[in-house]
Number of protein chains: 2
Amino acid sequence: MTPKETGMIEDTTGPRLPKLRLYVADDLGGGAAVTLGRDQSHYLSNVMRATAGDRIALFNGRDGEWAGEITSLGKRAVELHVTDNLRPQADEPDLWLAFAPIKRGRIDFVAAKATELGVARLIPVMTARTQMTRVNTGRLRANAVEAAEQCERLTVPEVSEPASLAEILSDWPADRRLFVGDETGGGQPIAEAVGDIAAGANQPCGVLVGPEGGFATDELDALGKLAFVTKIGLGPRVMRADTAAIAALAVIQAIAGDWPISRDR
Amino acid sequence: MTPKETGMIEDTTGPRLPKLRLYVADDLGGGAAVTLGRDQSHYLSNVMRATAGDRIALFNGRDGEWAGEITSLGKRAVELHVTDNLRPQADEPDLWLAFAPIKRGRIDFVAAKATELGVARLIPVMTARTQMTRVNTGRLRANAVEAAEQCERLTVPEVSEPASLAEILSDWPADRRLFVGDETGGGQPIAEAVGDIAAGANQPCGVLVGPEGGFATDELDALGKLAFVTKIGLGPRVMRADTAAIAALAVIQAIAGDWPISRDR
């Protein structure tokens, strides 16, 4: 088993496979010892067939990214010795995504893609026409963790417990602009609406996308009365809810988020 | 069975469910007769439980959208009488997506989402690091048709047969700007690159996204030498190939495509 085959971090010559990175809860720093839980240990031992001495990357959302060398492998517990710092901690843009839960598969997809797109918080919102009555936030979080590991983020988005649209809006910070997908065609074109936020300024903002049936008329009316809300339009086609969420996040990141900052690799 | 339950086009009071629309090959015009094939007949009869007299929407990519009234239903053939024109034909933006095939599920997803995002042509491209050796273009096309029906497009994107990157580039029209996802971080930030195209001008352009392992170094070098190529960056995170394709298309449509034109409904 060579580093190239396992995707260990020494691999710099082969295809640009994502390096092996794990999100852990432990504090990270030079000399620290980390013991992985059962799932991650199984993944390293049995799926990736790692061996003692292999180095992987570790992050916890607080201490930056560190190299960890495997000191012992067991089926239920893999132990690592934290060696050197690979990257200092950096925050993601302060961008939230509030979305009406949609069926399994599509909601997992939204959690993963939103994580790749740099969202800081995922908020399931129950609206009048939301068909789903339960949300498995544990599964959403697992999807977010996996995506964060793969996309080289240093944080994992926070996943909020589901709340009603009324609750979300009454708790919404007044200084956080909320771009609401208005599928009736009454919204401001997104590039124009987002253009009001200075590029790279990283101002707090959020996106709200309704369920497949759209927002109810009274919901859209109420949203329109809130000073922090800007209704946005995403063009002439009728998008599915998951497409709308991803498209809106991409446009915000490209125009007003951190995409003007290129990846230095 | 009420119109509301079947999503027939008379439904204007309930949730904004997608109206029932079918893509057909037949010519459409007032008084025309259309006989649906087996799959669509099964869908209408057995899945949607349509009845004679129900009206659905029909489009063929050439003649605009028409209402069709069901005149007879059989398990293998449903017949419709075309009544009135609902919308005149309109083209989608002249935007192509060339992408290295990725595994099933993710490639279906790209075909559907790109259709929702208004792509005119889908081009599977075999690159040095493409893992897939075969592409089921029939399945890609079926995904594009279904998405076109649901998103209220009047066209279905063309699905090209797979070709090598060299072939695609040698046939590429010189006046069609090609935005290439450069995962090494060397690309121009996408909003800046796309900003050179006038908003709403609908100039022919395309997006090229590589496989999960990225482009090979010599591929990126060769791309960089072509006058019609602009290498783009999609921010500091490492995106999966499907995310990168969707994100790039959304940003292009928002800034230089047809999103400034709101949906008039």
# chains A, B, ... in the order shown; residues from 1 in each chain; ligands from 1

call {"tool": "residues_around", "arguments": {"residues": "Lys75 of chain B", "least_positions_apart": "3", "cutoff": "8 Å", "atoms": "only C-alpha atoms", "output": "PyMOL selection string"}}
result
chain B and resi 38+41-42+45-46+78

call {"tool": "write_last_selection", "arguments": {"atoms": "N, CA and C atoms", "output": "PDB file, in the first residue's frame"}}
result
ATOM      1  N   ARG B  38     -45.573   4.241 -25.451  1.00  0.00           N
ATOM      2  CA  ARG B  38     -45.916   3.356 -24.348  1.00  0.00           C
ATOM      3  C   ARG B  38     -45.579   3.948 -22.974  1.00  0.00           C
ATOM      4  N   SER B  41     -47.732   6.946 -22.131  1.00  0.00           N
ATOM      5  CA  SER B  41     -49.124   6.505 -21.959  1.00  0.00           C
ATOM      6  C   SER B  41     -49.302   5.838 -20.600  1.00  0.00           C
ATOM      7  N   HIS B  42     -48.350   4.986 -20.243  1.00  0.00           N
ATOM      8  CA  HIS B  42     -48.384   4.332 -18.937  1.00  0.00           C
ATOM      9  C   HIS B  42     -48.355   5.384 -17.809  1.00  0.00           C
ATOM     10  N   SER B  45     -51.803   7.198 -17.774  1.00  0.00           N
ATOM     11  CA  SER B  45     -52.934   6.333 -17.407  1.00  0.00           C
ATOM     12  C   SER B  45     -52.790   5.783 -16.003  1.00  0.00           C
ATOM     13  N   ASN B  46     -51.622   5.212 -15.720  1.00  0.00           N
ATOM     14  CA  ASN B  46     -51.488   4.439 -14.490  1.00  0.00           C
ATOM     15  C   ASN B  46     -50.840   5.191 -13.343  1.00  0.00           C
ATOM     16  N   VAL B  78     -52.034   6.637 -25.474  1.00  0.00           N
ATOM     17  CA  VAL B  78     -52.967   7.700 -25.101  1.00  0.00           C
ATOM     18  C   VAL B  78     -53.008   8.679 -26.268  1.00  0.00           C
TER      19      VAL B  78
END

call {"tool": "closest_atom_pairs", "arguments": {"of": "chain A", "to": "chain B", "cutoff": "9 Å", "atoms": "only C-alpha atoms", "output": "JSON lines"}}
result
{"residue": "A:Gly14", "atom": "CA", "partner": "B:Gly213", "partner_atom": "CA", "distance": 8.9}
{"residue": "A:Pro15", "atom": "CA", "partner": "B:Gly213", "partner_atom": "CA", "distance": 5.1}
{"residue": "A:Arg16", "atom": "CA", "partner": "B:Gly213", "partner_atom": "CA", "distance": 5.0}
{"residue": "A:Leu17", "atom": "CA", "partner": "B:Gly213", "partner_atom": "CA", "distance": 5.2}
{"residue": "A:Pro18", "atom": "CA", "partner": "B:Val238", "partner_atom": "CA", "distance": 8.0}
{"residue": "A:Lys113", "atom": "CA", "partner": "B:Thr243", "partner_atom": "CA", "distance": 6.5}
{"residue": "A:Glu116", "atom": "CA", "partner": "B:Met239", "partner_atom": "CA", "distance": 5.9}
{"residue": "A:Leu117", "atom": "CA", "partner": "B:Arg237", "partner_atom": "CA", "distance": 7.4}
{"residue": "A:Gly118", "atom": "CA", "partner": "B:Arg237", "partner_atom": "CA", "distance": 7.5}
{"residue": "A:Arg129", "atom": "CA", "partner": "B:Pro15", "partner_atom": "CA", "distance": 7.3}
{"residue": "A:Gln150", "atom": "CA", "partner": "B:Val238", "partner_atom": "CA", "distance": 7.4}
{"residue": "A:Cys151", "atom": "CA", "partner": "B:Val238", "partner_atom": "CA", "distance": 4.4}
{"residue": "A:Glu152", "atom": "CA", "partner": "B:Arg237", "partner_atom": "CA", "distance": 6.1}
{"residue": "A:Arg153", "atom": "CA", "partner": "B:Arg237", "partner_atom": "CA", "distance": 6.4}
{"residue": "A:Glu183", "atom": "CA", "partner": "B:Arg263", "partner_atom": "CA", "distance": 8.2}
{"residue": "A:Thr184", "atom": "CA", "partner": "B:Arg265", "partner_atom": "CA", "distance": 6.5}
{"residue": "A:Gly185", "atom": "CA", "partner": "B:Arg263", "partner_atom": "CA", "distance": 4.6}
{"residue": "A:Gly186", "atom": "CA", "partner": "B:Ser262", "partner_atom": "CA", "distance": 7.4}
{"residue": "A:Gly187", "atom": "CA", "partner": "B:Ser262", "partner_atom": "CA", "distance": 7.6}
{"residue": "A:Gln188", "atom": "CA", "partner": "B:Ser262", "partner_atom": "CA", "distance": 7.9}
{"residue": "A:Pro189", "atom": "CA", "partner": "B:Pro260", "partner_atom": "CA", "distance": 5.1}
{"residue": "A:Ile190", "atom": "CA", "partner": "B:Ala254", "partner_atom": "CA", "distance": 6.6}
{"residue": "A:Ala191", "atom": "CA", "partner": "B:Ala254", "partner_atom": "CA", "distance": 5.6}
{"residue": "A:Glu192", "atom": "CA", "partner": "B:Pro260", "partner_atom": "CA", "distance": 8.0}
{"residue": "A:Glu212", "atom": "CA", "partner": "B:Leu17", "partner_atom": "CA", "distance": 7.2}
{"residue": "A:Gly213", "atom": "CA", "partner": "B:Arg16", "partner_atom": "CA", "distance": 4.9}
{"residue": "A:Gly214", "atom": "CA", "partner": "B:Arg16", "partner_atom": "CA", "distance": 6.1}
{"residue": "A:Phe215", "atom": "CA", "partner": "B:Pro15", "partner_atom": "CA", "distance": 8.3}
{"residue": "A:Ala216", "atom": "CA", "partner": "B:Pro15", "partner_atom": "CA", "distance": 7.4}
{"residue": "A:Gly233", "atom": "CA", "partner": "B:Ser262", "partner_atom": "CA", "distance": 6.3}
{"residue": "A:Leu234", "atom": "CA", "partner": "B:Trp259", "partner_atom": "CA", "distance": 5.7}
{"residue": "A:Gly235", "atom": "CA", "partner": "B:Trp259", "partner_atom": "CA", "distance": 3.7}
{"residue": "A:Pro236", "atom": "CA", "partner": "B:Arg263", "partner_atom": "CA", "distance": 4.2}
{"residue": "A:Arg237", "atom": "CA", "partner": "B:Cys151", "partner_atom": "CA", "distance": 5.5}
{"residue": "A:Val238", "atom": "CA", "partner": "B:Cys151", "partner_atom": "CA", "distance": 4.4}
{"residue": "A:Met239", "atom": "CA", "partner": "B:Cys151", "partner_atom": "CA", "distance": 5.8}
{"residue": "A:Arg240", "atom": "CA", "partner": "B:Cys151", "partner_atom": "CA", "distance": 7.7}
{"residue": "A:Thr243", "atom": "CA", "partner": "B:Lys113", "partner_atom": "CA", "distance": 6.5}
{"residue": "A:Ile246", "atom": "CA", "partner": "B:Ala247", "partner_atom": "CA", "distance": 7.2}
{"residue": "A:Ala247", "atom": "CA", "partner": "B:Ala250", "partner_atom": "CA", "distance": 5.2}
{"residue": "A:Ala248", "atom": "CA", "partner": "B:Ala250", "partner_atom": "CA", "distance": 7.8}
{"residue": "A:Leu249", "atom": "CA", "partner": "B:Ala247", "partner_atom": "CA", "distance": 8.4}
{"residue": "A:Ala250", "atom": "CA", "partner": "B:Ala247", "partner_atom": "CA", "distance": 5.2}
{"residue": "A:Val251", "atom": "CA", "partner": "B:Val251", "partner_atom": "CA", "distance": 5.1}
{"residue": "A:Ile252", "atom": "CA", "partner": "B:Val251", "partner_atom": "CA", "distance": 8.8}
{"residue": "A:Gln253", "atom": "CA", "partner": "B:Gly235", "partner_atom": "CA", "distance": 8.0}
{"residue": "A:Ala254", "atom": "CA", "partner": "B:Ala191", "partner_atom": "CA", "distance": 5.6}
{"residue": "A:Ile255", "atom": "CA", "partner": "B:Ala191", "partner_atom": "CA", "distance": 5.9}
{"residue": "A:Gly257", "atom": "CA", "partner": "B:Gly235", "partner_atom": "CA", "distance": 8.8}
{"residue": "A:Asp258", "atom": "CA", "partner": "B:Gly235", "partner_atom": "CA", "distance": 6.2}
{"residue": "A:Trp259", "atom": "CA", "partner": "B:Gly235", "partner_atom": "CA", "distance": 3.7}
{"residue": "A:Pro260", "atom": "CA", "partner": "B:Pro189", "partner_atom": "CA", "distance": 5.1}
{"residue": "A:Ile261", "atom": "CA", "partner": "B:Gly235", "partner_atom": "CA", "distance": 6.0}
{"residue": "A:Ser262", "atom": "CA", "partner": "B:Gly235", "partner_atom": "CA", "distance": 5.3}
{"residue": "A:Arg263", "atom": "CA", "partner": "B:Pro236", "partner_atom": "CA", "distance": 4.2}
{"residue": "A:Asp264", "atom": "CA", "partner": "B:Gly185", "partner_atom": "CA", "distance": 6.0}
{"residue": "A:Arg265", "atom": "CA", "partner": "B:Thr184", "partner_atom": "CA", "distance": 6.6}

call {"tool": "select_by_dssp", "arguments": {"residues": "segment 62-252 of chain B", "states": "strand (DSSP E)", "output": "ChimeraX atom specification"}}
result
/B:65-73,78-87,95-99,121-126,158-159,163-164,177-181,188-189,205-209,229-233

call {"tool": "closest_residue", "arguments": {"among": "A:Glu167, A:Asp26, A:Asp54, A:Asp182", "to": "Thr127 of chain A", "atoms": "only C-alpha atoms"}}
result
A:Glu167

call {"tool": "residues_around", "arguments": {"residues": "segment 123-125 of chain A", "least_positions_apart": "5", "cutoff": "7 Å", "atoms": "only C-alpha atoms", "output": "list in words"}}
result
Leu97, Ala98, Phe99, Ala100, Pro101, Val159, Ser160, Glu161, Pro162, Ala163, Ser164 and Leu165 of chain A

call {"tool": "residues_around", "arguments": {"residues": "Ala67 of chain B", "least_positions_apart": "3", "cutoff": "7 Å", "atoms": "only C-alpha atoms", "output": "VMD selection string"}}
result
chain B and resid 55 to 58 82 to 86

call {"tool": "atom_distance", "arguments": {"atom1": "atom CA of Trp66 of chain A", "atom2": "atom CA of Leu22 of chain A"}}
result
10.1 Å

call {"tool": "select_by_dssp", "arguments": {"residues": "segment 35-233 of chain B", "states": "helix (DSSP H, G or I)", "output": "number ranges by chain"}}
result
B: 38-47, 106-116, 137-151, 165-171, 190-195, 217-224

call {"tool": "write_last_selection", "arguments": {"atoms": "C-alpha atoms", "output": "short mmCIF file (atom, residue, chain, number, x, y, z; two decimals), in the first residue's frame"}}
result
data_model
loop_
_atom_site.label_atom_id
_atom_site.label_comp_id
_atom_site.auth_asym_id
_atom_site.auth_seq_id
_atom_site.Cartn_x
_atom_site.Cartn_y
_atom_site.Cartn_z
CA ARG B 38 -45.92 3.36 -24.35
CA ASP B 39 -43.95 4.95 -21.49
CA GLN B 40 -45.76 8.27 -21.56
CA SER B 41 -49.12 6.51 -21.96
CA HIS B 42 -48.38 4.33 -18.94
CA TYR B 43 -47.35 7.41 -16.96
CA LEU B 44 -50.56 9.28 -17.79
CA SER B 45 -52.93 6.33 -17.41
CA ASN B 46 -51.49 4.44 -14.49
CA VAL B 47 -49.25 6.83 -12.56
CA ARG B 106 -23.89 12.07 -9.99
CA ILE B 107 -23.92 12.23 -13.81
CA ASP B 108 -27.74 11.91 -13.88
CA PHE B 109 -27.83 14.72 -11.38
CA VAL B 110 -25.60 16.92 -13.56
CA ALA B 111 -27.82 16.32 -16.61
CA ALA B 112 -30.99 17.24 -14.69
CA LYS B 113 -29.57 20.27 -12.91
CA ALA B 114 -27.85 21.63 -16.04
CA THR B 115 -31.21 21.37 -17.81
CA GLU B 116 -32.91 23.33 -15.03
CA THR B 137 -26.18 9.04 -23.44
CA GLY B 138 -29.72 7.62 -23.67
CA ARG B 139 -30.04 7.81 -19.90
CA LEU B 140 -28.54 11.30 -19.83
CA ARG B 141 -31.09 12.38 -22.43
CA ALA B 142 -33.96 10.82 -20.43
CA ASN B 143 -32.85 12.81 -17.39
CA ALA B 144 -32.69 15.98 -19.47
CA VAL B 145 -36.19 15.38 -20.90
CA GLU B 146 -37.69 14.82 -17.45
CA ALA B 147 -36.03 17.94 -16.07
CA ALA B 148 -37.14 19.99 -19.09
CA GLU B 149 -40.74 18.82 -18.57
CA GLN B 150 -40.65 19.82 -14.92
CA CYS B 151 -38.82 23.12 -15.19
CA LEU B 165 -10.84 16.36 -24.90
CA ALA B 166 -8.60 16.82 -27.97
CA GLU B 167 -11.55 16.24 -30.33
CA ILE B 168 -13.84 18.59 -28.40
CA LEU B 169 -11.24 21.35 -28.44
CA SER B 170 -10.33 20.99 -32.10
CA ASP B 171 -14.04 21.24 -33.04
CA ILE B 190 -15.53 33.35 -12.09
CA ALA B 191 -17.59 36.51 -11.44
CA GLU B 192 -14.76 38.63 -12.85
CA ALA B 193 -14.22 36.34 -15.85
CA VAL B 194 -17.92 36.18 -16.68
CA GLY B 195 -18.35 39.92 -16.13
CA THR B 217 -1.00 19.10 -16.06
CA ASP B 218 -0.49 18.83 -19.82
CA GLU B 219 -4.25 19.16 -20.39
CA LEU B 220 -4.35 22.38 -18.37
CA ASP B 221 -1.29 23.69 -20.20
CA ALA B 222 -2.86 22.93 -23.60
CA LEU B 223 -6.16 24.55 -22.53
CA GLY B 224 -4.30 27.66 -21.42
#

call {"tool": "atom_distance", "arguments": {"atom1": "atom CA of Gly61 of chain B", "atom2": "atom CA of Gln89 of chain B"}}
result
7.4 Å
